[in-house]
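The file start-v1.cif comes next; it holds mmCIF, C-alpha atoms.
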data_final
loop_
_atom_site.label_atom_id
_atom_site.label_comp_id
_atom_site.auth_asym_id
_atom_site.auth_seq_id
_atom_site.Cartn_x
_atom_site.Cartn_y
_atom_site.Cartn_z
CA MET A 46 108.19 130.02 73.62
CA SER A 47 104.71 130.72 72.22
CA ALA A 48 102.71 133.66 73.52
CA PRO A 49 100.05 132.76 76.09
CA ILE A 50 96.40 132.96 75.12
CA HIS A 51 94.13 135.19 77.19
CA ILE A 52 90.39 135.52 77.54
CA GLY A 53 89.40 138.37 75.25
CA ASP A 54 92.05 137.65 72.58
CA THR A 55 90.76 137.77 69.01
CA ALA A 56 91.26 134.99 66.47
CA LYS A 57 89.94 133.76 63.11
CA THR A 58 88.25 130.51 62.28
CA VAL A 59 90.06 128.19 59.87
CA GLY A 60 87.17 126.36 58.32
CA PRO A 61 83.70 126.27 59.88
CA LEU A 62 83.11 125.36 63.50
CA LYS A 63 80.13 123.05 63.82
CA PRO A 64 80.59 123.47 66.74
CA THR A 65 84.23 122.29 66.87
CA GLY A 66 87.01 123.17 64.48
CA ARG A 67 90.22 125.17 64.26
CA ILE A 68 91.15 128.79 64.84
CA GLN A 69 94.26 130.82 64.13
CA ILE A 70 95.66 132.97 66.91
CA HIS A 71 99.17 134.38 67.34
CA ASP A 72 100.00 132.82 63.94
CA ARG A 73 99.32 129.37 65.33
CA LEU A 74 96.44 126.93 64.89
CA PHE A 75 94.46 125.61 67.84
CA ASP A 76 91.48 123.31 68.33
CA ALA A 77 88.45 125.32 69.34
CA ARG A 78 84.75 124.98 69.98
CA SER A 79 81.86 127.37 69.87
CA GLU A 80 79.14 127.69 72.48
CA GLY A 81 76.98 125.31 70.48
CA GLU A 82 76.47 127.33 67.32
CA TRP A 83 77.79 126.97 63.78
CA ILE A 84 80.45 129.57 62.96
CA GLU A 85 81.50 130.10 59.36
CA SER A 86 85.07 129.93 58.11
CA ASN A 87 87.23 133.07 58.27
CA THR A 88 85.06 134.62 61.00
CA GLU A 89 86.58 136.87 63.64
CA VAL A 90 86.04 135.34 67.05
CA VAL A 91 86.91 136.12 70.66
CA VAL A 92 88.36 133.72 73.21
CA VAL A 93 85.91 133.36 76.10
CA GLY A 94 87.24 130.31 77.96
CA GLY A 95 88.54 126.75 77.71
CA ASP A 96 92.21 125.80 77.71
CA HIS A 97 95.02 125.43 75.19
CA SER A 98 93.75 121.99 74.15
CA SER A 99 90.26 123.25 73.28
CA ILE A 100 89.60 126.98 73.24
CA LEU A 101 86.05 128.18 73.74
CA ILE A 102 85.20 131.03 71.36
CA ARG A 103 82.36 133.35 70.45
CA PRO A 104 81.84 135.41 67.28
CA ARG A 105 83.27 138.88 67.82
CA ALA A 106 80.07 140.45 66.56
CA GLU A 107 78.22 138.90 69.52
CA VAL A 108 80.60 140.27 72.15
CA THR A 109 79.00 143.58 73.11
CA GLU A 110 80.08 143.79 76.76
CA PRO A 111 83.35 143.17 78.61
CA LEU A 112 83.92 139.47 79.28
CA ALA A 113 84.12 137.99 82.73
CA ARG A 114 87.78 137.24 83.59
CA GLU A 115 88.91 139.24 80.54
CA GLY A 116 92.69 139.23 80.25
CA GLU A 117 93.06 136.06 82.30
CA PRO A 118 95.44 133.56 80.65
CA LEU A 119 94.10 130.18 79.63
CA SER A 120 95.46 127.07 81.24
CA ALA A 121 98.16 125.37 79.24
CA ARG A 122 96.56 122.01 80.00
CA ALA A 123 93.07 120.62 79.88
CA ALA A 124 91.06 120.86 83.06
CA SER A 125 90.87 117.07 83.18
CA GLU A 126 94.67 116.90 83.19
CA GLU A 127 94.89 119.32 86.11
CA THR A 128 92.25 117.54 88.16
CA PRO A 129 93.76 114.97 90.54
CA LEU A 130 93.01 111.38 89.57
CA GLN A 131 91.76 110.73 93.07
CA ALA A 132 89.50 112.76 95.33
CA PRO A 133 91.20 114.20 98.42
CA ALA A 134 90.88 112.24 101.64
CA GLY A 135 87.62 112.88 103.44
CA ARG A 136 87.37 113.92 107.07
CA ILE A 137 86.62 110.36 108.15
CA GLU A 138 89.94 109.28 106.61
CA ARG A 139 91.93 112.07 108.25
CA ILE A 140 90.82 111.62 111.85
CA ASN A 141 93.20 109.97 114.30
CA ALA A 142 91.05 106.90 114.88
CA VAL A 143 93.77 105.17 116.91
CA ALA A 144 93.81 107.92 119.56
CA ILE A 145 90.02 108.22 119.50
CA GLY A 146 89.67 104.45 119.96
CA GLY A 147 91.96 104.52 122.99
CA LEU A 148 90.03 107.45 124.45
CA VAL A 149 86.70 105.69 123.91
CA GLY A 150 88.15 102.63 125.68
CA LEU A 151 89.08 104.79 128.68
CA ILE A 152 85.63 106.40 128.74
CA LEU A 153 83.99 102.97 128.56
CA LEU A 154 86.19 101.78 131.41
CA ALA A 155 85.21 104.82 133.50
CA LEU A 156 81.52 104.19 132.86
CA LEU A 157 81.85 100.58 133.96
CA TRP A 158 83.65 101.63 137.14
CA TRP A 159 81.00 104.29 137.81
CA SER A 160 78.26 101.68 137.36
CA GLY A 161 79.80 99.58 140.12
CA THR A 162 81.92 97.11 138.15
CA LYS A 163 85.00 96.02 140.06
CA VAL A 164 88.12 97.18 138.28
CA THR A 165 90.94 94.64 138.04
CA TRP A 166 94.29 94.64 136.25
CA GLN A 167 92.47 93.24 133.19
CA ALA A 168 90.78 96.62 132.78
CA VAL A 169 93.89 97.83 130.94
CA LEU A 170 92.80 95.62 128.04
CA VAL A 171 89.79 97.85 127.30
CA PRO A 172 91.65 101.01 126.17
CA LEU A 173 94.18 98.76 124.43
CA ALA A 174 91.35 97.06 122.55
CA GLY A 175 89.93 100.50 121.73
CA THR A 176 93.28 101.51 120.22
CA ILE A 177 93.42 98.33 118.13
CA ALA A 178 89.81 98.83 117.01
CA GLY A 179 90.66 102.42 116.04
CA ALA A 180 93.60 101.23 113.97
CA LEU A 181 91.38 98.68 112.22
CA PHE A 182 88.74 101.36 111.61
CA GLN A 183 91.35 103.62 110.02
CA LEU A 184 92.71 100.78 107.89
CA PHE A 185 89.32 99.73 106.51
CA VAL A 186 88.09 103.28 105.88
CA ARG A 187 91.16 104.06 103.81
CA THR A 188 90.62 101.03 101.58
CA ALA A 189 87.70 102.84 99.91
CA SER A 190 90.12 104.69 97.62
CA ASP A 191 91.51 101.36 96.36
CA PHE A 192 88.29 100.65 94.50
CA ALA A 193 87.66 104.16 93.14
CA GLY A 194 88.15 104.73 89.43
CA PRO A 195 90.04 107.72 88.02
CA ARG A 196 88.43 111.01 89.04
CA SER A 197 85.67 109.29 90.99
CA ASP A 198 84.74 110.22 94.55
CA HIS A 199 85.53 107.44 97.02
CA ARG A 200 84.50 109.44 100.09
CA PRO A 201 80.86 108.24 100.26
CA ALA A 202 82.17 104.66 100.26
CA ALA A 203 84.61 105.56 103.04
CA ILE A 204 81.75 106.95 105.13
CA GLY A 205 79.73 103.80 104.45
CA ILE A 206 82.59 101.57 105.57
CA GLY A 207 83.07 103.71 108.68
CA CYS A 208 79.40 103.36 109.63
CA VAL A 209 79.44 99.58 109.15
CA VAL A 210 82.62 99.24 111.23
CA LEU A 211 81.22 101.43 114.02
CA VAL A 212 78.07 99.31 114.20
CA GLY A 213 80.22 96.16 114.28
CA THR A 214 82.35 97.62 117.08
CA MET A 215 79.31 98.43 119.20
CA LEU A 216 77.65 95.06 118.60
CA GLY A 217 80.88 93.23 119.34
CA SER A 218 81.29 95.13 122.61
CA VAL A 219 77.74 94.34 123.72
CA VAL A 220 78.04 90.66 122.82
CA GLY A 221 81.45 90.36 124.51
CA TRP A 222 80.20 91.94 127.73
CA ASN A 223 77.06 89.81 127.81
CA VAL A 224 79.04 86.62 127.26
CA GLY A 225 81.19 86.98 130.35
CA ALA A 226 80.71 90.44 131.88
CA GLY A 227 84.48 90.72 132.11
CA PHE A 228 87.10 93.06 130.72
CA VAL A 229 88.71 90.31 128.67
CA GLU A 230 85.42 89.35 127.00
CA LEU A 231 84.56 93.00 126.40
CA SER A 232 87.94 93.68 124.81
CA VAL A 233 87.83 90.60 122.61
CA GLY A 234 84.28 91.40 121.52
CA LEU A 235 85.22 95.00 120.72
CA VAL A 236 88.14 94.03 118.48
CA THR A 237 86.36 91.05 116.92
CA GLY A 238 83.26 93.08 116.06
CA THR A 239 85.40 95.77 114.44
CA LEU A 240 87.39 93.23 112.44
CA LEU A 241 84.40 91.23 111.22
CA ALA A 242 82.46 94.35 110.23
CA GLY A 243 85.47 95.75 108.41
CA VAL A 244 86.03 92.53 106.49
CA LEU A 245 82.33 92.42 105.60
CA ALA A 246 82.35 96.04 104.35
CA TYR A 247 85.57 95.46 102.40
CA ALA A 248 84.16 92.32 100.77
CA ALA A 249 80.93 94.14 99.84
CA LEU A 250 82.90 97.00 98.27
CA MET A 251 85.11 94.57 96.38
CA PHE A 252 82.06 92.67 95.10
CA ALA A 253 80.33 95.91 94.05
CA SER A 254 83.37 97.04 92.08
CA VAL A 255 83.58 93.85 90.01
#
Show this structure as structure tokens.
Amino acid sequence: MSAPIHIGDTAKTVGPLKPTGRIQIHDRLFDARSEGEWIESNTEVVVVGGDHSSILIRPRAEVTEPLAREGEPLSARAASEETPLQAPAGRIERINAVAIGGLVGLILLALLWWSGTKVTWQAVLVPLAGTIAGALFQLFVRTASDFAGPRSDHRPAAIGIGCVVLVGTMLGSVVGWNVGAGFVELSVGLVTGTLLAGVLAYAALMFASV
């Protein structure tokens, strides 16, 4: 097993670096790059960063003070190889939208009762519709990562989809209630608005990624 390379290790250039080239360290050759300057062949250099695939070096004559992170081993892989291909899920993707949707449905039902609306057995449809709308919200928000390229951040798109779906949910609820002022109409409007807004946001994202 080859010896690890540490920040602060000394090496020699094999041919000039302009600014990339090769260095010899621990009797092995590695690709290296300078900090933007030309370094002549057979020059003593010091490892200041990078990874095993491309070591960042500086002429030893220019190293007059202890290096930051001196003695720290370099990664055996390039930083790009260690970076996940996909950004981690954002907060909007991690929330339990199903439970929140059901809770919002219960709160909406309580507000209607407090405003004087007569509560019938159909009122149970409102929190149920809220739960379904929450599930749809969660489904559409999580589709943002499907259109993200390698190492690109899909989270802004997820937030955008979430906003569009929320607006659709609210508009659908208002329209449903105004159509019939009943729990059935409200529930249908709530779910329909969520679904239509989600489909619209998904289609827009798909079109933008073409």
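Here atom CA of Phe192 of chain A stands at a distance of 28.4 Å from atom CA of Ala174 of chain A.
The two atoms in question, atom CA of Ala48 of chain A and atom CA of Ala106 of chain A, are spaced 24.6 Å apart.
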Fewer than 3 positions away in the same chain doesn't count, so skip those; otherwise give me all residues within 12 Å of Ile102 of chain A, counting all atoms listed in the file, as a PDB file with C-alpha atoms, keeping the file's coordinate frame.
ATOM      1  CA  ILE A  50      96.400 132.960  75.120  1.00  0.00           C
ATOM      2  CA  HIS A  51      94.130 135.190  77.190  1.00  0.00           C
ATOM      3  CA  ILE A  52      90.390 135.520  77.540  1.00  0.00           C
ATOM      4  CA  GLY A  53      89.400 138.370  75.250  1.00  0.00           C
ATOM      5  CA  ASP A  54      92.050 137.650  72.580  1.00  0.00           C
ATOM      6  CA  THR A  55      90.760 137.770  69.010  1.00  0.00           C
ATOM      7  CA  ALA A  56      91.260 134.990  66.470  1.00  0.00           C
ATOM      8  CA  LYS A  57      89.940 133.760  63.110  1.00  0.00           C
ATOM      9  CA  THR A  58      88.250 130.510  62.280  1.00  0.00           C
ATOM     10  CA  LEU A  62      83.110 125.360  63.500  1.00  0.00           C
ATOM     11  CA  PRO A  64      80.590 123.470  66.740  1.00  0.00           C
ATOM     12  CA  THR A  65      84.230 122.290  66.870  1.00  0.00           C
ATOM     13  CA  GLY A  66      87.010 123.170  64.480  1.00  0.00           C
ATOM     14  CA  ARG A  67      90.220 125.170  64.260  1.00  0.00           C
ATOM     15  CA  ILE A  68      91.150 128.790  64.840  1.00  0.00           C
ATOM     16  CA  GLN A  69      94.260 130.820  64.130  1.00  0.00           C
ATOM     17  CA  ILE A  70      95.660 132.970  66.910  1.00  0.00           C
ATOM     18  CA  PHE A  75      94.460 125.610  67.840  1.00  0.00           C
ATOM     19  CA  ASP A  76      91.480 123.310  68.330  1.00  0.00           C
ATOM     20  CA  ALA A  77      88.450 125.320  69.340  1.00  0.00           C
ATOM     21  CA  ARG A  78      84.750 124.980  69.980  1.00  0.00           C
ATOM     22  CA  SER A  79      81.860 127.370  69.870  1.00  0.00           C
ATOM     23  CA  GLU A  80      79.140 127.690  72.480  1.00  0.00           C
ATOM     24  CA  GLY A  81      76.980 125.310  70.480  1.00  0.00           C
ATOM     25  CA  GLU A  82      76.470 127.330  67.320  1.00  0.00           C
ATOM     26  CA  TRP A  83      77.790 126.970  63.780  1.00  0.00           C
ATOM     27  CA  ILE A  84      80.450 129.570  62.960  1.00  0.00           C
ATOM     28  CA  THR A  88      85.060 134.620  61.000  1.00  0.00           C
ATOM     29  CA  GLU A  89      86.580 136.870  63.640  1.00  0.00           C
ATOM     30  CA  VAL A  90      86.040 135.340  67.050  1.00  0.00           C
ATOM     31  CA  VAL A  91      86.910 136.120  70.660  1.00  0.00           C
ATOM     32  CA  VAL A  92      88.360 133.720  73.210  1.00  0.00           C
ATOM     33  CA  VAL A  93      85.910 133.360  76.100  1.00  0.00           C
ATOM     34  CA  GLY A  94      87.240 130.310  77.960  1.00  0.00           C
ATOM     35  CA  GLY A  95      88.540 126.750  77.710  1.00  0.00           C
ATOM     36  CA  ASP A  96      92.210 125.800  77.710  1.00  0.00           C
ATOM     37  CA  HIS A  97      95.020 125.430  75.190  1.00  0.00           C
ATOM     38  CA  SER A  99      90.260 123.250  73.280  1.00  0.00           C
ATOM     39  CA  ARG A 105      83.270 138.880  67.820  1.00  0.00           C
ATOM     40  CA  ALA A 106      80.070 140.450  66.560  1.00  0.00           C
ATOM     41  CA  GLU A 107      78.220 138.900  69.520  1.00  0.00           C
ATOM     42  CA  VAL A 108      80.600 140.270  72.150  1.00  0.00           C
ATOM     43  CA  LEU A 112      83.920 139.470  79.280  1.00  0.00           C
TER      44      LEU A 112
END
**Prompt:** Could you list as an MDAnalysis selection string every residue that has an atom within 12 Å of (93.8, 101.3, 118.3), using the file's coordinates and counting only C-alpha atoms?
**Reply:** chainID A and resid 141:151 170:184 232 235:236 239:240
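Atom pair atom CA of Leu250 of chain A / atom CA of Leu231 of chain A: separated by 28.5 Å.
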**Fill in**
If you count all atoms listed in the file, the residue of A:Leu74, A:Val224, A:Val219, A:Ala189 closest to Ala248 of chain A turns out to be A:Ala189
Model the absent atoms of segment 238-254 of chain A so that N, CA and C atoms are present, and write the result as a PDB file, keeping the file's coordinate frame.
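Everything below was put into selection_24.pdb:
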ATOM      1  N   GLY A 238      84.356  92.419 116.780  1.00  0.00           N
ATOM      2  CA  GLY A 238      83.260  93.080 116.060  1.00  0.00           C
ATOM      3  C   GLY A 238      83.772  94.056 115.027  1.00  0.00           C
ATOM      4  N   THR A 239      84.810  94.817 115.380  1.00  0.00           N
ATOM      5  CA  THR A 239      85.400  95.770 114.440  1.00  0.00           C
ATOM      6  C   THR A 239      85.995  95.041 113.238  1.00  0.00           C
ATOM      7  N   LEU A 240      86.733  93.979 113.514  1.00  0.00           N
ATOM      8  CA  LEU A 240      87.390  93.230 112.440  1.00  0.00           C
ATOM      9  C   LEU A 240      86.388  92.589 111.497  1.00  0.00           C
ATOM     10  N   LEU A 241      85.393  91.915 112.063  1.00  0.00           N
ATOM     11  CA  LEU A 241      84.400  91.230 111.220  1.00  0.00           C
ATOM     12  C   LEU A 241      83.600  92.221 110.373  1.00  0.00           C
ATOM     13  N   ALA A 242      83.208  93.347 110.983  1.00  0.00           N
ATOM     14  CA  ALA A 242      82.460  94.350 110.230  1.00  0.00           C
ATOM     15  C   ALA A 242      83.302  94.962 109.129  1.00  0.00           C
ATOM     16  N   GLY A 243      84.575  95.197 109.428  1.00  0.00           N
ATOM     17  CA  GLY A 243      85.470  95.750 108.410  1.00  0.00           C
ATOM     18  C   GLY A 243      85.677  94.802 107.246  1.00  0.00           C
ATOM     19  N   VAL A 244      85.868  93.530 107.549  1.00  0.00           N
ATOM     20  CA  VAL A 244      86.030  92.530 106.490  1.00  0.00           C
ATOM     21  C   VAL A 244      84.763  92.439 105.643  1.00  0.00           C
ATOM     22  N   LEU A 245      83.609  92.475 106.308  1.00  0.00           N
ATOM     23  CA  LEU A 245      82.330  92.420 105.600  1.00  0.00           C
ATOM     24  C   LEU A 245      82.163  93.628 104.670  1.00  0.00           C
ATOM     25  N   ALA A 246      82.476  94.820 105.172  1.00  0.00           N
ATOM     26  CA  ALA A 246      82.350  96.040 104.350  1.00  0.00           C
ATOM     27  C   ALA A 246      83.334  96.011 103.193  1.00  0.00           C
ATOM     28  N   TYR A 247      84.547  95.550 103.456  1.00  0.00           N
ATOM     29  CA  TYR A 247      85.570  95.460 102.400  1.00  0.00           C
ATOM     30  C   TYR A 247      85.130  94.485 101.316  1.00  0.00           C
ATOM     31  N   ALA A 248      84.613  93.323 101.731  1.00  0.00           N
ATOM     32  CA  ALA A 248      84.160  92.320 100.770  1.00  0.00           C
ATOM     33  C   ALA A 248      83.003  92.841  99.933  1.00  0.00           C
ATOM     34  N   ALA A 249      82.077  93.572 100.574  1.00  0.00           N
ATOM     35  CA  ALA A 249      80.930  94.140  99.840  1.00  0.00           C
ATOM     36  C   ALA A 249      81.397  95.163  98.817  1.00  0.00           C
ATOM     37  N   LEU A 250      82.370  95.988  99.191  1.00  0.00           N
ATOM     38  CA  LEU A 250      82.900  97.000  98.270  1.00  0.00           C
ATOM     39  C   LEU A 250      83.634  96.334  97.111  1.00  0.00           C
ATOM     40  N   MET A 251      84.378  95.288  97.419  1.00  0.00           N
ATOM     41  CA  MET A 251      85.110  94.570  96.380  1.00  0.00           C
ATOM     42  C   MET A 251      84.135  93.898  95.415  1.00  0.00           C
ATOM     43  N   PHE A 252      83.068  93.322  95.942  1.00  0.00           N
ATOM     44  CA  PHE A 252      82.060  92.670  95.100  1.00  0.00           C
ATOM     45  C   PHE A 252      81.344  93.697  94.223  1.00  0.00           C
ATOM     46  N   ALA A 253      81.042  94.867  94.798  1.00  0.00           N
ATOM     47  CA  ALA A 253      80.330  95.910  94.050  1.00  0.00           C
ATOM     48  C   ALA A 253      81.175  96.494  92.932  1.00  0.00           C
ATOM     49  N   SER A 254      82.495  96.446  93.084  1.00  0.00           N
ATOM     50  CA  SER A 254      83.370  97.040  92.080  1.00  0.00           C
ATOM     51  C   SER A 254      83.697  96.087  90.936  1.00  0.00           C
TER      52      SER A 254
END
